[in-house]
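Structure first, then comments.
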Amino acid sequence: MKQITIAGAPAFTSPNSMTLICTEKPDGSTNLATVAFWAFASTDPGKIMFSLNKGAYSLELLAEKKELVLAIPGVELTGTLIGCGTCSGRDTDKIAQVGLDMQDVEGTAIKAPVPCKLLIHATVCDTMDADDHVVHLCDVKGVYGDEDVDAVFGWNGYAEFAAAQQK
Ligand SMILES: Cc1cc2nc3c(=O)[nH]c(=O)nc-3n(C[C@H](O)[C@H](O)[C@H](O)COP(=O)(O)O)c2cc1C
């Protein structure tokens with residue numbers, strides 16, 4: 001085996017699951033942030049975790065409202081991963097800029113883009129400093145899936161985006 005950097009490691013775990021973390025802005029609109037660093041954390045009760053860089057506006061929004069929808073986007077939303085991962089909701093209306101159709105999510109005012117394979121409504125129960133990121137541990141409030149949607153994955157790390165299998 002050869003020694004590599006941690007930044008190069010995701011190329012060895014591809015295809016990598018991709019998410020859009022949906023949060024509520026002060027004006028009630030939804031902000032979307034592309035997040036690859038996420039995992040299931042517990043099943044009974046349900047918990048998920050994800051890691052947010054310290055410059056992310058989503059970090060501020062979650063410190064305030066502690067509620068989110070973790071969305072696993074369909075392959076049609078490949079461009080959205082770039083669009084929502086390369087600018088900040090602090091000074092951009094990403095939904096308008098990317099041109100997204102949004103759907104209601106049961107039990108919350110936060111909306112999610114269309115189409116998605118999986119939506120997880122959750123609230124932040126704990127955070128942990130992780131140097132350049134902050135790990136968020138969240139209680140799952142509701143889970144919604146659509147078997148007909150193909151999820152988009154990161155390939156070669158996050159250099160390319162595509163479905164995980166050909167049909
Ligand atoms: C492919 C890809 C994966 C990303 N994964 C993460 C991640 O896991 N955690 C993170 O904090 N930011 C990640 N980002 C960067 C955020 O999406 C970016 O900082 C974004 O501007 C945050 O939006 P916000 O400021 O509206 O919260 C990723 C970006 C891309 C393009």
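Residues in the structure tokens are named by chain (A, B, ... in the order shown) and by number from 1 within that chain; ligands are numbered from 1 in the order shown.
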
Considering only strand (DSSP E or B) as DSSP defines it on the backbone, what residues of chain A qualify? List them as a PyMOL selection string.
chain A and resi 16-17+19-24+30-35+38-43+46-53+67-74+102-105+108-113+116-130+133-145+151+153-155+160-162

Generate the output file for the selected residues, C-alpha atoms, as a PDB file, in the first residue's frame.
```pdb
ATOM      1  CA  ASN A  16     -19.434   8.718  -1.846  1.00  0.00           C
ATOM      2  CA  SER A  17     -22.904   9.572  -0.559  1.00  0.00           C
ATOM      3  CA  THR A  19     -26.272  15.404   0.857  1.00  0.00           C
ATOM      4  CA  LEU A  20     -27.833  18.822   0.821  1.00  0.00           C
ATOM      5  CA  ILE A  21     -28.297  20.125   4.358  1.00  0.00           C
ATOM      6  CA  CYS A  22     -31.476  22.224   4.288  1.00  0.00           C
ATOM      7  CA  THR A  23     -31.886  24.843   7.028  1.00  0.00           C
ATOM      8  CA  GLU A  24     -34.163  27.800   7.730  1.00  0.00           C
ATOM      9  CA  THR A  30     -34.609  27.565   3.035  1.00  0.00           C
ATOM     10  CA  ASN A  31     -30.825  27.490   2.636  1.00  0.00           C
ATOM     11  CA  LEU A  32     -29.019  24.531   1.078  1.00  0.00           C
ATOM     12  CA  ALA A  33     -25.418  23.452   1.716  1.00  0.00           C
ATOM     13  CA  THR A  34     -23.642  20.591  -0.053  1.00  0.00           C
ATOM     14  CA  VAL A  35     -22.220  18.240   2.593  1.00  0.00           C
ATOM     15  CA  TRP A  38     -22.237  12.618   7.006  1.00  0.00           C
ATOM     16  CA  ALA A  39     -23.195   9.252   8.506  1.00  0.00           C
ATOM     17  CA  PHE A  40     -25.931   7.345  10.289  1.00  0.00           C
ATOM     18  CA  ALA A  41     -25.039   7.414  14.001  1.00  0.00           C
ATOM     19  CA  SER A  42     -27.741   5.395  15.824  1.00  0.00           C
ATOM     20  CA  THR A  43     -30.899   3.464  14.993  1.00  0.00           C
ATOM     21  CA  GLY A  46     -32.467   7.307  15.249  1.00  0.00           C
ATOM     22  CA  LYS A  47     -29.499   9.637  15.060  1.00  0.00           C
ATOM     23  CA  ILE A  48     -27.421  11.057  12.197  1.00  0.00           C
ATOM     24  CA  MET A  49     -24.233  13.088  12.149  1.00  0.00           C
ATOM     25  CA  PHE A  50     -22.542  15.478   9.776  1.00  0.00           C
ATOM     26  CA  SER A  51     -19.610  17.871   9.837  1.00  0.00           C
ATOM     27  CA  LEU A  52     -19.792  21.571   8.866  1.00  0.00           C
ATOM     28  CA  ASN A  53     -16.814  23.793   8.072  1.00  0.00           C
ATOM     29  CA  GLU A  67     -33.444  22.049  12.898  1.00  0.00           C
ATOM     30  CA  LEU A  68     -32.598  20.676   9.438  1.00  0.00           C
ATOM     31  CA  VAL A  69     -33.595  18.375   6.652  1.00  0.00           C
ATOM     32  CA  LEU A  70     -30.785  16.164   5.345  1.00  0.00           C
ATOM     33  CA  ALA A  71     -31.614  15.506   1.688  1.00  0.00           C
ATOM     34  CA  ILE A  72     -30.090  12.804  -0.523  1.00  0.00           C
ATOM     35  CA  PRO A  73     -30.505  14.387  -3.972  1.00  0.00           C
ATOM     36  CA  GLY A  74     -31.529  12.612  -7.139  1.00  0.00           C
ATOM     37  CA  MET A 102     -38.884  22.700  -3.734  1.00  0.00           C
ATOM     38  CA  GLN A 103     -41.173  20.319  -1.827  1.00  0.00           C
ATOM     39  CA  ASP A 104     -42.779  20.500   1.603  1.00  0.00           C
ATOM     40  CA  VAL A 105     -41.453  18.177   4.296  1.00  0.00           C
ATOM     41  CA  THR A 108     -41.277  21.374   9.396  1.00  0.00           C
ATOM     42  CA  ALA A 109     -41.285  24.681   7.531  1.00  0.00           C
ATOM     43  CA  ILE A 110     -37.918  23.759   5.968  1.00  0.00           C
ATOM     44  CA  LYS A 111     -38.289  22.728   2.327  1.00  0.00           C
ATOM     45  CA  ALA A 112     -36.266  20.233   0.284  1.00  0.00           C
ATOM     46  CA  PRO A 113     -35.351  20.199  -3.419  1.00  0.00           C
ATOM     47  CA  CYS A 116     -34.696  13.460  -3.626  1.00  0.00           C
ATOM     48  CA  LYS A 117     -34.161   9.775  -2.821  1.00  0.00           C
ATOM     49  CA  LEU A 118     -34.272  10.281   0.946  1.00  0.00           C
ATOM     50  CA  LEU A 119     -35.180  13.073   3.349  1.00  0.00           C
ATOM     51  CA  ILE A 120     -34.306  13.004   7.050  1.00  0.00           C
ATOM     52  CA  HIS A 121     -35.889  15.661   9.273  1.00  0.00           C
ATOM     53  CA  ALA A 122     -33.727  16.101  12.366  1.00  0.00           C
ATOM     54  CA  THR A 123     -32.823  18.395  15.241  1.00  0.00           C
ATOM     55  CA  VAL A 124     -29.303  19.056  16.524  1.00  0.00           C
ATOM     56  CA  CYS A 125     -28.760  17.458  19.961  1.00  0.00           C
ATOM     57  CA  ASP A 126     -25.001  17.945  20.323  1.00  0.00           C
ATOM     58  CA  THR A 127     -21.989  19.468  18.589  1.00  0.00           C
ATOM     59  CA  MET A 128     -18.281  18.699  18.864  1.00  0.00           C
ATOM     60  CA  ASP A 129     -15.370  20.837  17.736  1.00  0.00           C
ATOM     61  CA  ALA A 130     -13.340  19.096  15.028  1.00  0.00           C
ATOM     62  CA  HIS A 133     -15.196  21.589  11.140  1.00  0.00           C
ATOM     63  CA  VAL A 134     -17.931  21.174  13.775  1.00  0.00           C
ATOM     64  CA  VAL A 135     -19.534  17.735  14.086  1.00  0.00           C
ATOM     65  CA  HIS A 136     -23.323  17.838  14.548  1.00  0.00           C
ATOM     66  CA  LEU A 137     -25.128  14.920  16.196  1.00  0.00           C
ATOM     67  CA  CYS A 138     -28.862  15.024  15.450  1.00  0.00           C
ATOM     68  CA  ASP A 139     -32.067  13.334  16.620  1.00  0.00           C
ATOM     69  CA  VAL A 140     -34.093  11.943  13.719  1.00  0.00           C
ATOM     70  CA  LYS A 141     -37.701  13.212  13.695  1.00  0.00           C
ATOM     71  CA  GLY A 142     -38.951  11.798  10.380  1.00  0.00           C
ATOM     72  CA  VAL A 143     -37.609   9.810   7.411  1.00  0.00           C
ATOM     73  CA  TYR A 144     -39.103   9.842   3.898  1.00  0.00           C
ATOM     74  CA  GLY A 145     -37.923   7.855   0.856  1.00  0.00           C
ATOM     75  CA  ALA A 151     -29.372   9.129  -5.840  1.00  0.00           C
ATOM     76  CA  PHE A 153     -22.879  10.047  -5.679  1.00  0.00           C
ATOM     77  CA  GLY A 154     -19.412  11.581  -5.715  1.00  0.00           C
ATOM     78  CA  TRP A 155     -16.916   9.628  -7.818  1.00  0.00           C
ATOM     79  CA  GLU A 160     -17.413  13.797 -10.660  1.00  0.00           C
ATOM     80  CA  PHE A 161     -21.068  13.182  -9.830  1.00  0.00           C
ATOM     81  CA  ALA A 162     -23.210  10.332 -11.156  1.00  0.00           C
TER      82      ALA A 162
END
```

Which chains and residue numbers are within 6 Å of ligand 1, counting only C-alpha atoms and all ligand atoms, if I want them as a VMD selection string?
chain A and resid 33 to 37 51 to 53 56 to 58 81 to 82 84 to 90 158

Selected residues written out, N, CA and C atoms, as a short mmCIF file (atom, residue, chain, number, x, y, z; two decimals), in the first residue's frame:
```cif
data_model
loop_
_atom_site.label_atom_id
_atom_site.label_comp_id
_atom_site.auth_asym_id
_atom_site.auth_seq_id
_atom_site.Cartn_x
_atom_site.Cartn_y
_atom_site.Cartn_z
N ALA A 33 -26.88 23.58 1.73
CA ALA A 33 -25.42 23.45 1.72
C ALA A 33 -25.03 22.03 1.32
N THR A 34 -24.14 21.90 0.36
CA THR A 34 -23.64 20.59 -0.05
C THR A 34 -22.72 20.05 1.03
N VAL A 35 -23.02 18.85 1.52
CA VAL A 35 -22.22 18.24 2.59
C VAL A 35 -21.99 16.76 2.28
N ALA A 36 -20.70 16.40 2.22
CA ALA A 36 -20.33 15.01 1.97
C ALA A 36 -20.03 14.26 3.27
N PHE A 37 -19.61 15.01 4.29
CA PHE A 37 -19.18 14.37 5.55
C PHE A 37 -20.41 14.11 6.42
N SER A 51 -20.66 16.96 9.43
CA SER A 51 -19.61 17.87 9.84
C SER A 51 -19.65 19.12 8.96
N LEU A 52 -19.69 20.30 9.59
CA LEU A 52 -19.79 21.57 8.87
C LEU A 52 -18.54 22.40 9.07
N ASN A 53 -18.00 22.92 7.97
CA ASN A 53 -16.81 23.79 8.07
C ASN A 53 -17.18 25.10 8.79
N ALA A 56 -19.15 28.05 7.17
CA ALA A 56 -20.47 27.83 6.58
C ALA A 56 -21.55 28.65 7.30
N TYR A 57 -22.39 29.31 6.51
CA TYR A 57 -23.55 30.04 7.06
C TYR A 57 -24.49 29.05 7.77
N SER A 58 -24.57 27.84 7.25
CA SER A 58 -25.43 26.80 7.86
C SER A 58 -25.09 26.56 9.32
N LEU A 81 -25.39 20.26 -6.51
CA LEU A 81 -24.32 19.98 -5.55
C LEU A 81 -23.19 20.99 -5.70
N ILE A 82 -22.86 21.32 -6.93
CA ILE A 82 -21.83 22.33 -7.18
C ILE A 82 -22.38 23.72 -6.79
N CYS A 84 -24.68 24.66 -4.75
CA CYS A 84 -24.92 24.90 -3.33
C CYS A 84 -23.67 24.65 -2.48
N GLY A 85 -22.59 24.22 -3.14
CA GLY A 85 -21.35 23.93 -2.42
C GLY A 85 -20.25 24.92 -2.70
N THR A 86 -20.52 25.89 -3.56
CA THR A 86 -19.47 26.83 -3.95
C THR A 86 -19.84 28.30 -3.68
N CYS A 87 -20.99 28.53 -3.05
CA CYS A 87 -21.32 29.89 -2.61
C CYS A 87 -22.08 29.77 -1.29
N SER A 88 -22.20 30.88 -0.58
CA SER A 88 -22.83 30.84 0.74
C SER A 88 -24.22 31.47 0.72
N GLY A 89 -25.11 30.87 1.47
CA GLY A 89 -26.45 31.42 1.64
C GLY A 89 -26.46 32.72 2.40
N ARG A 90 -25.31 33.08 2.97
CA ARG A 90 -25.20 34.35 3.71
C ARG A 90 -25.50 35.53 2.79
N TYR A 158 -14.71 13.62 -4.96
CA TYR A 158 -15.87 14.46 -5.32
C TYR A 158 -15.61 15.16 -6.64
#
```

List every residue of segment 14-133 of chain A that DSSP, applied to the backbone of this structure, places in alpha helix (DSSP H), and write the result as JSON, numbers by chain.
{"A": [57, 58, 59, 60, 61, 62, 63, 64, 65, 78, 79, 80, 81, 82, 83, 94, 95, 96, 97, 98]}

Could you write out the selected residues, including N, CA and C atoms, as a tab-separated table (two decimals), in the first residue's frame?
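Output (part.tsv):
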```
chain	number	residue	atom	x	y	z
A	57	TYR	N	-22.39	29.31	6.51
A	57	TYR	CA	-23.55	30.04	7.06
A	57	TYR	C	-24.49	29.05	7.77
A	58	SER	N	-24.57	27.84	7.25
A	58	SER	CA	-25.43	26.80	7.86
A	58	SER	C	-25.09	26.56	9.32
A	59	LEU	N	-23.81	26.73	9.66
A	59	LEU	CA	-23.37	26.57	11.05
A	59	LEU	C	-24.09	27.58	11.95
A	60	GLU	N	-24.16	28.83	11.49
A	60	GLU	CA	-24.85	29.88	12.24
A	60	GLU	C	-26.35	29.60	12.32
A	61	LEU	N	-26.93	29.18	11.19
A	61	LEU	CA	-28.37	28.92	11.16
A	61	LEU	C	-28.72	27.78	12.12
A	62	LEU	N	-27.88	26.77	12.18
A	62	LEU	CA	-28.15	25.62	13.06
A	62	LEU	C	-27.91	25.95	14.53
A	63	ALA	N	-26.96	26.85	14.80
A	63	ALA	CA	-26.74	27.28	16.18
A	63	ALA	C	-27.98	28.00	16.70
A	64	GLU	N	-28.68	28.69	15.78
A	64	GLU	CA	-29.88	29.45	16.14
A	64	GLU	C	-31.11	28.54	16.25
A	65	LYS	N	-31.39	27.76	15.20
A	65	LYS	CA	-32.67	27.04	15.14
A	65	LYS	C	-32.57	25.53	15.38
A	78	THR	N	-27.42	16.95	-9.85
A	78	THR	CA	-25.96	16.98	-9.87
A	78	THR	C	-25.42	18.42	-9.87
A	79	GLY	N	-25.97	19.28	-10.71
A	79	GLY	CA	-25.51	20.67	-10.78
A	79	GLY	C	-25.77	21.43	-9.49
A	80	THR	N	-26.80	21.00	-8.76
A	80	THR	CA	-27.14	21.64	-7.49
A	80	THR	C	-26.05	21.42	-6.45
A	81	LEU	N	-25.39	20.26	-6.51
A	81	LEU	CA	-24.32	19.98	-5.55
A	81	LEU	C	-23.19	20.99	-5.70
A	82	ILE	N	-22.86	21.32	-6.93
A	82	ILE	CA	-21.83	22.33	-7.18
A	82	ILE	C	-22.38	23.72	-6.79
A	83	GLY	N	-23.60	24.01	-7.27
A	83	GLY	CA	-24.18	25.34	-7.04
A	83	GLY	C	-24.35	25.67	-5.57
A	94	LYS	N	-29.77	30.69	-2.86
A	94	LYS	CA	-29.30	29.56	-3.69
A	94	LYS	C	-30.45	28.92	-4.47
A	95	ILE	N	-31.65	28.90	-3.88
A	95	ILE	CA	-32.79	28.27	-4.55
A	95	ILE	C	-33.11	29.01	-5.84
A	96	ALA	N	-33.09	30.35	-5.78
A	96	ALA	CA	-33.34	31.16	-6.97
A	96	ALA	C	-32.17	31.06	-7.94
A	97	GLN	N	-30.96	31.12	-7.41
A	97	GLN	CA	-29.78	31.11	-8.28
A	97	GLN	C	-29.65	29.80	-9.06
A	98	VAL	N	-29.88	28.68	-8.38
A	98	VAL	CA	-29.76	27.37	-9.04
A	98	VAL	C	-31.03	27.05	-9.82
```

Between atom CA of Glu76 of chain A and atom CA of Gly99 of chain A, what is the distance in Å, rounded to a tenth?
12.6 Å

Grab the atom CA of Pro115 of chain A to atom CA of Asp148 of chain A distance for me, in Å with one decimal place.
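Those two atoms sit 9.8 Å apart.
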
Can you tell me how far atom CA of Lys54 of chain A sits from atom CA of Gly28 of chain A, in Å to one decimal?
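Value for the atom CA of Lys54 of chain A-atom CA of Gly28 of chain A distance: 22.6 Å.
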